[in-house]
Structure formats: C-alpha cells, structure tokens
file start00.txt (compact mmCIF, C-alpha atoms (C1' of nucleotides))
# COMPACT_ATOMS: atom_id res chain seq x y z
CA MET O 1 -45.47 -133.20 270.90
CA GLY O 2 -42.12 -132.81 272.53
CA LYS O 3 -39.76 -131.66 269.77
CA LYS O 4 -36.46 -131.98 271.70
CA GLN O 5 -35.09 -128.79 270.14
CA MET O 6 -31.52 -128.64 271.48
CA GLU O 7 -31.39 -125.38 273.31
CA ARG O 8 -27.78 -124.96 274.28
CA GLN O 9 -24.55 -124.10 272.52
CA GLU O 10 -22.87 -121.37 274.46
CA MET O 11 -19.86 -121.37 272.20
CA LEU O 12 -19.72 -120.36 268.56
CA LEU O 13 -18.49 -123.43 266.73
CA GLY O 14 -14.88 -123.30 265.70
CA THR O 15 -13.83 -120.32 267.80
CA LEU O 16 -12.70 -122.07 270.96
CA ASP O 17 -9.22 -122.86 269.67
CA MET O 18 -8.62 -119.23 268.81
CA LEU O 19 -9.81 -118.09 272.23
CA ILE O 20 -7.51 -120.54 273.98
CA LEU O 21 -4.52 -119.44 271.93
CA ARG O 22 -5.31 -115.81 272.64
CA THR O 23 -5.64 -116.43 276.35
CA LEU O 24 -2.30 -118.21 276.51
CA ARG O 25 -0.60 -115.30 274.83
CA MET O 26 -0.57 -113.69 278.26
CA GLY O 27 1.42 -116.54 279.75
CA ALA O 28 1.17 -120.22 280.59
CA ALA O 29 -1.92 -121.46 282.38
CA HIS O 30 -3.72 -124.68 283.20
CA GLY O 31 -7.14 -125.76 281.97
CA HIS O 32 -9.29 -124.45 284.77
CA THR O 33 -7.73 -121.03 284.59
CA ILE O 34 -8.01 -120.80 280.83
CA ALA O 35 -11.73 -121.53 281.01
CA ARG O 36 -12.31 -119.02 283.78
CA VAL O 37 -10.42 -116.26 281.99
CA ILE O 38 -12.43 -116.75 278.81
CA GLU O 39 -15.69 -116.78 280.70
CA GLN O 40 -14.89 -113.73 282.76
CA THR O 41 -13.39 -111.69 279.96
CA SER O 42 -16.47 -112.32 277.86
CA ASP O 43 -18.68 -111.19 280.76
CA GLU O 44 -19.97 -114.75 281.18
CA VAL O 45 -21.42 -114.84 277.67
CA LEU O 46 -19.06 -117.63 276.60
CA GLN O 47 -19.29 -120.82 278.63
CA VAL O 48 -16.36 -123.21 278.33
CA GLU O 49 -17.47 -126.73 279.18
CA GLN O 50 -14.86 -129.21 280.34
CA GLY O 51 -15.95 -131.66 277.65
CA SER O 52 -15.03 -129.04 275.04
CA LEU O 53 -11.98 -127.63 276.78
CA TYR O 54 -9.85 -130.73 277.25
CA PRO O 55 -10.30 -132.14 273.77
CA ALA O 56 -9.42 -128.68 272.43
CA LEU O 57 -6.25 -128.48 274.50
CA HIS O 58 -5.24 -131.94 273.35
CA ARG O 59 -5.69 -131.23 269.67
CA LEU O 60 -3.86 -127.92 269.95
CA GLU O 61 -0.96 -129.70 271.58
CA ALA O 62 -1.06 -132.45 268.94
CA ARG O 63 -0.70 -129.75 266.28
CA ARG O 64 2.29 -128.33 268.16
CA TRP O 65 0.57 -125.04 268.83
CA LEU O 66 0.79 -125.61 272.55
CA ALA O 67 3.33 -127.33 274.78
CA SER O 68 2.49 -128.68 278.22
CA TYR O 69 4.14 -129.56 281.50
CA TRP O 70 2.89 -130.73 284.87
CA GLY O 71 3.06 -128.36 287.77
CA THR O 72 1.21 -127.22 290.85
CA SER O 73 -1.78 -124.90 290.76
CA GLU O 74 -2.44 -121.89 292.96
CA ASN O 75 -4.54 -124.23 295.12
CA ASN O 76 -1.69 -126.66 295.58
CA ARG O 77 -3.13 -129.23 293.22
CA LYS O 78 -1.47 -131.11 290.41
CA ALA O 79 -2.27 -129.33 287.16
CA LYS O 80 -1.16 -129.45 283.55
CA PHE O 81 0.12 -126.10 282.32
CA TYR O 82 0.02 -125.10 278.69
CA LYS O 83 2.10 -122.50 276.92
CA LEU O 84 1.95 -121.09 273.43
CA THR O 85 4.64 -122.25 270.99
CA ALA O 86 6.06 -120.06 268.24
CA ALA O 87 3.94 -121.96 265.74
CA GLY O 88 0.93 -121.44 267.98
CA ASN O 89 1.50 -117.73 268.05
CA LYS O 90 1.63 -117.66 264.27
CA GLN O 91 -1.52 -119.75 264.09
CA LEU O 92 -3.25 -117.27 266.35
CA THR O 93 -2.60 -114.45 263.91
CA VAL O 94 -3.95 -116.62 261.09
CA GLU O 95 -7.13 -117.45 262.96
CA ALA O 96 -7.66 -113.92 264.21
CA SER O 97 -7.29 -112.63 260.68
CA ARG O 98 -9.75 -115.15 259.33
CA TRP O 99 -12.16 -114.33 262.13
CA LYS O 100 -12.13 -110.64 261.32
CA GLN O 101 -12.65 -111.36 257.66
CA MET O 102 -15.61 -113.61 258.41
CA VAL O 103 -17.24 -111.16 260.78
CA ALA O 104 -16.92 -108.43 258.17
CA ALA O 105 -18.32 -110.64 255.41
CA ILE O 106 -21.27 -111.79 257.49
CA GLY O 107 -21.86 -108.21 258.54
CA ARG O 108 -22.18 -107.19 254.92
CA VAL O 109 -24.80 -109.85 254.26
CA MET O 110 -26.73 -109.03 257.42
CA ARG O 111 -26.83 -105.30 256.81
CA GLU O 112 -26.93 -104.84 253.11
CA ALA O 113 -28.36 -107.70 251.13
CA GLU O 114 -28.73 -105.44 248.13
CA MET U 115 4.71 -137.14 256.78
CA GLY U 116 1.46 -136.27 255.09
CA LYS U 117 -0.77 -134.89 257.86
CA LYS U 118 -3.96 -134.46 255.81
CA GLN U 119 -4.82 -131.21 257.58
CA MET U 120 -8.23 -130.26 256.15
CA GLU U 121 -7.67 -126.93 254.53
CA ARG U 122 -11.11 -125.74 253.57
CA GLN U 123 -14.12 -124.39 255.41
CA GLU U 124 -15.28 -121.22 253.70
CA MET U 125 -18.25 -120.86 256.01
CA LEU U 126 -18.26 -120.13 259.70
CA LEU U 127 -20.01 -123.07 261.30
CA GLY U 128 -23.57 -122.41 262.33
CA THR U 129 -24.05 -119.14 260.49
CA LEU U 130 -25.47 -120.41 257.21
CA ASP U 131 -29.04 -120.66 258.47
CA MET U 132 -29.01 -117.07 259.62
CA LEU U 133 -27.61 -115.89 256.30
CA ILE U 134 -30.28 -117.76 254.37
CA LEU U 135 -33.05 -116.32 256.52
CA ARG U 136 -31.62 -112.83 256.08
CA THR U 137 -31.38 -113.21 252.34
CA LEU U 138 -34.97 -114.36 252.05
CA ARG U 139 -36.16 -111.36 253.95
CA MET U 140 -35.87 -109.47 250.68
CA GLY U 141 -38.30 -111.80 248.97
CA ALA U 142 -38.70 -115.39 247.85
CA ALA U 143 -35.85 -117.01 245.94
CA HIS U 144 -34.64 -120.42 244.86
CA GLY U 145 -31.49 -122.19 246.00
CA HIS U 146 -29.12 -121.04 243.29
CA THR U 147 -30.06 -117.44 243.75
CA ILE U 148 -29.77 -117.56 247.52
CA ALA U 149 -26.24 -118.90 247.25
CA ARG U 150 -25.22 -116.32 244.67
CA VAL U 151 -26.61 -113.43 246.70
CA ILE U 152 -24.74 -114.51 249.83
CA GLU U 153 -21.52 -114.97 247.90
CA GLN U 154 -21.76 -111.66 246.09
CA THR U 155 -22.90 -109.62 249.06
CA SER U 156 -19.98 -110.95 251.07
CA ASP U 157 -17.59 -109.99 248.28
CA GLU U 158 -16.94 -113.67 247.57
CA VAL U 159 -15.56 -114.31 251.04
CA LEU U 160 -18.37 -116.71 251.90
CA GLN U 161 -18.69 -119.73 249.62
CA VAL U 162 -21.99 -121.56 249.75
CA GLU U 163 -21.53 -125.18 248.65
CA GLN U 164 -24.52 -127.06 247.31
CA GLY U 165 -23.90 -129.85 249.79
CA SER U 166 -24.37 -127.34 252.60
CA LEU U 167 -27.11 -125.28 250.99
CA TYR U 168 -29.74 -127.90 250.29
CA PRO U 169 -29.57 -129.64 253.66
CA ALA U 170 -29.86 -126.20 255.27
CA LEU U 171 -32.92 -125.29 253.22
CA HIS U 172 -34.54 -128.60 254.11
CA ARG U 173 -33.99 -128.27 257.83
CA LEU U 174 -35.21 -124.66 257.82
CA GLU U 175 -38.36 -125.77 256.07
CA ALA U 176 -38.78 -128.70 258.49
CA ARG U 177 -38.68 -126.19 261.34
CA ARG U 178 -41.36 -124.12 259.60
CA TRP U 179 -39.08 -121.14 259.21
CA LEU U 180 -39.34 -121.38 255.43
CA ALA U 181 -42.13 -122.45 253.09
CA SER U 182 -41.51 -123.64 249.54
CA TYR U 183 -43.27 -123.95 246.23
CA TRP U 184 -42.24 -125.02 242.75
CA GLY U 185 -41.95 -122.43 240.05
CA THR U 186 -39.90 -121.39 237.06
CA SER U 187 -36.55 -119.66 237.33
CA GLU U 188 -35.33 -116.63 235.40
CA ASN U 189 -33.69 -119.10 233.03
CA ASN U 190 -36.91 -120.96 232.38
CA ARG U 191 -35.99 -123.94 234.50
CA LYS U 192 -37.97 -125.72 237.16
CA ALA U 193 -36.91 -124.40 240.55
CA LYS U 194 -38.05 -124.60 244.16
CA PHE U 195 -38.69 -121.20 245.66
CA TYR U 196 -38.44 -120.52 249.36
CA LYS U 197 -40.05 -117.76 251.34
CA LEU U 198 -39.69 -116.68 254.92
CA THR U 199 -42.56 -117.53 257.27
CA ALA U 200 -43.60 -115.35 260.19
CA ALA U 201 -41.86 -117.79 262.53
CA GLY U 202 -38.78 -117.63 260.31
CA ASN U 203 -38.71 -113.88 260.55
CA LYS U 204 -38.87 -114.08 264.30
CA GLN U 205 -36.13 -116.70 264.32
CA LEU U 206 -33.97 -114.39 262.25
CA THR U 207 -34.13 -111.71 264.90
CA VAL U 208 -33.20 -114.29 267.55
CA GLU U 209 -30.20 -115.51 265.58
CA ALA U 210 -29.04 -112.06 264.62
CA SER U 211 -29.20 -111.00 268.24
CA ARG U 212 -27.23 -114.02 269.36
CA TRP U 213 -24.70 -113.41 266.63
CA LYS U 214 -24.09 -109.83 267.72
CA GLN U 215 -23.73 -110.94 271.32
CA MET U 216 -21.20 -113.61 270.37
CA VAL U 217 -19.15 -111.28 268.20
CA ALA U 218 -19.00 -108.75 271.02
CA ALA U 219 -18.02 -111.39 273.58
CA ILE U 220 -15.31 -112.86 271.39
CA GLY U 221 -14.10 -109.37 270.62
CA ARG U 222 -13.61 -108.70 274.30
CA VAL U 223 -11.51 -111.83 274.73
CA MET U 224 -9.45 -111.11 271.65
CA ARG U 225 -8.70 -107.52 272.55
CA GLU U 226 -8.51 -107.38 276.27
CA ALA U 227 -7.64 -110.63 277.98
CA GLU U 228 -6.76 -108.72 281.08
C1' DA H 229 -13.60 -140.58 308.38
C1' DG H 230 -16.40 -138.04 305.32
C1' DC H 231 -17.40 -134.22 302.26
C1' DT H 232 -16.43 -130.53 299.13
C1' DT H 233 -13.50 -128.41 295.81
C1' DT H 234 -10.09 -128.58 292.37
C1' DG H 235 -8.46 -130.56 288.24
C1' DC H 236 -7.88 -133.87 284.43
C1' DA H 237 -9.99 -137.04 281.25
C1' DT H 238 -13.03 -139.84 277.98
C1' DA H 239 -17.13 -141.93 275.57
C1' DG H 240 -21.10 -141.17 272.96
C1' DA H 241 -24.62 -138.29 270.90
C1' DA H 242 -25.82 -134.38 268.13
C1' DG H 243 -25.18 -130.97 264.78
C1' DT H 244 -23.19 -128.64 260.60
C1' DT H 245 -20.29 -128.49 256.62
C1' DC H 246 -17.68 -130.39 252.79
C1' DT H 247 -16.52 -133.85 249.17
C1' DA H 248 -18.15 -136.36 245.72
C1' DG H 249 -21.16 -138.17 243.51
C1' DG H 250 -26.02 -138.41 240.66
C1' DT H 251 -30.50 -136.85 238.08
C1' DG H 252 -32.99 -134.18 234.60
C1' DA H 253 -34.33 -130.56 231.51
C1' DG H 254 -33.43 -126.15 228.57
C1' DG H 255 -30.98 -124.31 224.78
C1' DG H 256 -27.44 -123.59 221.52
C1' DA H 257 -24.01 -125.69 218.19
C1' DA H 258 -22.68 -129.08 214.78
C1' DT B 259 -31.10 -134.79 215.30
C1' DT B 260 -27.53 -135.30 218.38
C1' DC B 261 -24.16 -133.55 221.50
C1' DC B 262 -22.85 -130.79 225.14
C1' DC B 263 -23.03 -127.21 228.52
C1' DT B 264 -25.50 -124.91 232.04
C1' DC B 265 -28.95 -124.59 235.47
C1' DA B 266 -31.09 -126.64 239.38
C1' DC B 267 -32.15 -130.10 242.50
C1' DC B 268 -30.66 -133.89 245.77
C1' DT B 269 -28.14 -137.31 248.91
C1' DA B 270 -24.63 -140.31 251.31
C1' DG B 271 -20.65 -140.44 253.96
C1' DA B 272 -16.65 -138.41 256.07
C1' DA B 273 -14.71 -134.93 259.08
C1' DC B 274 -14.88 -131.91 262.76
C1' DT B 275 -16.42 -129.59 267.04
C1' DT B 276 -19.25 -129.16 271.00
C1' DC B 277 -22.14 -130.84 274.76
C1' DT B 278 -23.89 -134.26 278.19
C1' DA B 279 -22.72 -137.39 281.37
C1' DT B 280 -19.43 -139.79 283.83
C1' DG B 281 -15.33 -141.15 286.25
C1' DC B 282 -11.05 -140.66 288.90
C1' DA B 283 -7.76 -138.65 292.23
C1' DA B 284 -5.87 -135.61 295.60
C1' DA B 285 -6.10 -131.40 298.86
C1' DG B 286 -8.11 -129.66 302.80
C1' DC B 287 -11.69 -128.73 306.08
C1' DT B 288 -15.01 -130.43 309.64
call {"tool": "encode", "arguments": {"input": "start00.txt", "output": "structure tokens"}}
result
Amino acid sequence: MGKKQMERQEMLLGTLDMLILRTLRMGAAHGHTIARVIEQTSDEVLQVEQGSLYPALHRLEARRWLASYWGTSENNRKAKFYKLTAAGNKQLTVEASRWKQMVAAIGRVMREAE
Amino acid sequence: MGKKQMERQEMLLGTLDMLILRTLRMGAAHGHTIARVIEQTSDEVLQVEQGSLYPALHRLEARRWLASYWGTSENNRKAKFYKLTAAGNKQLTVEASRWKQMVAAIGRVMREAE
DNA sequence: AGCTTTGCATAGAAGTTCTAGGTGAGGGAA
DNA sequence: TTCCCTCACCTAGAACTTCTATGCAAAGCT
C-alpha cells in the first residue's frame, strides 16, 4: 500500500547554478554563506542541500565560471572561497536570459492554452 | 580540446508534466496534439520531444492523473487519447501553485541578492 | 576531555530529458 | 500495385542534477 511517492525537491532542477552565479556577483563567498544567502533571499522557499551545493560548485569551477582559493571564514574556520570569473559573469547573463524566456513561455501555456 | 558540452535542453526540467496536465484541461487529446499545442502556445520556445512526451504520459497515467482510451485521430489514424482525471486536475493546481512559488523565490534571488 | 558548530566532501539512489533507434498503418504518386 | 511520406506510438540507454546519508576535521566552549 505504501507508494513511496518522493515528496521532496526544494529546488527547481537546473536553476541552482544560476543562483550560485548570481549570488557570487556580489563578491566572493564560501559554500556555507552562498547557501544561506540563497535561502534567506528566497524567504526560505529554496533549500540548498550540501549534497547539491558542493557538486554544483565543483562543476562550475571545472567549467571555469568560478575560481576558488582557501581562506578563513568569519568564524575563524578554514573555508574555500569562490569568486565569479569573467566567463562566469557572461554565463550568468546567458542563463538569466534563458530563464526569463522559459518563464514567459511556460506562462503562456499555463494562462492561455488557446 | 573537444569538451562535448551538451548544448540542448529545450524544456525546463520537471515542468513537462504540469504543461501536459494544463493542456488536457481543455479536453482530451492524443500525444501528437498535446505536443503541438504546447509548442505553439509557447511560440515555439518549448520543444516537446517524443522521447520525453511518451514516458511523461505513461507516468502520469500510472499515477492516475490521466486516463486513456484508443480512438481515431483527425487524420484517420489510430491514436491514444488522454483525459484529465479528477485527481489530475487537483494535481495540476498543486503543481501550478508550486511553480508560481518557485518563480517568485528565484526572482527574488535574481533581482535582490541583498 | 567531550560536545557542538562550522565547513568541506563523496557515494549511491532517484528522477527527468534527450538521442537514436524501431513499428505500423493511411494515403497519394508513379 | 508498389513506393514513399506522414502520422502516431513506443523503448533503451546515456547524460545530467538533486537528494539522502555519511564521513572527516578543526574551532571553541563547558
């Protein structure tokens, strides 16, 4: 009778990278801070799990959209800071543009539908 | 040097089910028609591939959000028609609500970001 | 010395989408 | 009749992202 059902997913698939890039546009930050900023700015609607966050940071760095360096956090702990590269900034505009286009397109289907 | 890079993805992940449910709210339709309506209503921004469409229809039916029956298409061909169930209609409101919430939350992060 | 918090990291499962195939029947052209 | 194009359905496997569940290490307080 159980079903299983899968009742989570607090992040819209494919948008995390864009949100990270956007957050880093305000300056370098380490993982914990990035997650907290996204969660707070979204009024806690978006939940950034560590198991999603770190793989995302790694792939963004692998694509040269972020660069990283080790430093010390506000709490005096070792932390890896990430900053946006020029390519990353360009990528952000690409993803933001695509996002707006998609939202508009989906909005048309959801409202109209001839 | 190649990279590979993956340059497609004409659908925002996780939104196809909602778009199908919404389309069927206007009446029963078969797969081809559903895809064409979504593509046209979105001004060709959304592309519904057959390899995405049919698995989506099958899982929606498995969850009892759609019911199907065989019939004849406008072109006199055998076609499987899908219609929204009561549970499917309820699910549509759930997904639409979640979608609006997500768009608003992402919008806050993209605009503000303190 | 022990406990909590901060912070980074990975493995494996689950889910959706795309690519790339394949099947079959209607209908017009040669 | 035969050929071919279009409509319409379907699936397997790859690719990608996210989540769950863990693990590790160091700072700092009790």
call {"tool": "closest_residue", "arguments": {"input": "start00.txt", "among": "H:DT247, H:DG230, H:DA241, H:DA253", "to": "DT278 in chain B", "atoms": "all atoms listed in the file"}}
result
H:DA241
call {"tool": "atom_distance", "arguments": {"input": "start00.txt", "atom1": "CA of Arg22 in chain O", "atom2": "CA of Phe81 in chain O"}}
result
15.1 Å
call {"tool": "interface_residues", "arguments": {"input": "start00.txt", "of": "chain O", "to": "chain H", "cutoff": "9 Å", "atoms": "only C-alpha atoms (C1' of nucleotides)", "output": "PyMOL selection string"}}
result
chain O and resi 6+31-32+51+54-55+75+77-80
call {"tool": "residues_around", "arguments": {"input": "start00.txt", "residues": "Ser52 in chain O", "least_positions_apart": "6", "cutoff": "9 Å", "atoms": "only C-alpha atoms (C1' of nucleotides)", "output": "list in words"}}
result
Leu16 of chain O; DT275, DT276 and DC277 of chain B
call {"tool": "atom_distance", "arguments": {"input": "start00.txt", "atom1": "CA of Leu21 in chain O", "atom2": "CA of Thr33 in chain O"}}
result
13.2 Å
call {"tool": "interface_residues", "arguments": {"input": "start00.txt", "of": "chain B", "to": "chain U", "cutoff": "10 Å", "atoms": "all atoms listed in the file", "output": "list in words"}}
result
DC265, DA266, DC267, DC268, DT269, DA273, DC274 and DT275 of chain B
call {"tool": "residues_around", "arguments": {"input": "start00.txt", "residues": "Ala28 in chain O", "least_positions_apart": "5", "cutoff": "8 Å", "atoms": "all atoms listed in the file", "output": "list in words"}}
result
Phe81, Tyr82, Lys83 and Leu84 of chain O
